[in-house]
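Heads up, the thing below is written out as structure tokens.
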Amino acid sequence: MDFRMAATSQRVSGEYRSWQELANSERSTSRSWGTQEILAAEEEVAQSLLDAKERAHRGGAELQQLEAELRKAGEEDTRLKASLLYPSRELEELKETEASLERQEREVDEDTTVTIPSAVYVAQLYRQISKIEWDYECEPGMVKGIHHGPSVAQPVQLDSTQLSKKFISDYLWNLVDTDW
């Protein structure tokens with residue numbers, strides 16, 4: 001910016017020197033001009049120089065103002081671009097969440113159409129073979145149910161925290177009737 005003002009000032013100074021040289025050459029070559037006319041010409045040149053300097057000064061001030069406005073617009077642009085990134089990231093996160101929920105929904109659908117019915121079938125099969133009706137609402141660590149044997153129903157109540165898994169398994173298998 002200072003460079004532009006300096007260039008304008010040099011150009012105006014150059015014009016002034018040109019007018020001075022013209023006036024000096026006019027004086028030396030032709031003495032027919034009077035002092036009044038030379039002073040009027042010099043005054044006109046000086047006024048022209050002052051006007052040019054004033055225009056250069058106004059142009060410099062206007063340039064500074066435009067540069068300030070450009071800087072503010074750049075800052076606003078940067079701020080707006082940054083504010084656009086947040087919704088974009090949030091949108092991507094929502095798309096990922098949606099995809100995850102769709103995967104979970106497919107898994108749940110698969111469970112309800114394949115896994116659960118097969119698990120129910122297996123549980124019914126075990127009940128028919130073992131003739132044990134399980135108490136699924138008993139406290140954790142307890143194995144409870146009713147064995148419907150050939151002659152009488154008998155309760156089953158085992159504490160898995162005090163008995164080994166092998167003992168519990170053997171006990172339950174001994175309840176199963178081997179006569180087919």
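Residue numbering restarts at 1 for every chain of the structure tokens, chains are lettered A, B, ... in their displayed order, and ligands are numbered from 1 as they appear.
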Would you mind listing what lies within 12 Å of Thr178 in chain A as an NGL selection string, with only C-alpha atoms counted and same-chain residues fewer than 6 positions away left out?
:A and (129-131 or 149-150)
In Å to one decimal, how far is CA of Asp159 in chain A from CA of Gly141 in chain A?
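Computed distance, CA of Gly141 in chain A to CA of Asp159 in chain A, equals 6.1 Å.
DSSP on the backbone gives strand (DSSP E) for these parts of range 7-172 of chain A: Ile132, Glu133, Trp134, Met142, Val143, Lys144, Gly145, Ile146, His147, His148, Ala153, Gln154, Pro155, Val156, Gln157, Leu158 and Asp159 of chain A.
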If you run DSSP on the backbone here, which positions in range 73-166 of chain A get alpha helix (DSSP H)? Please write them as a PyMOL selection string.
chain A and resi 73-110+116-130+165-166
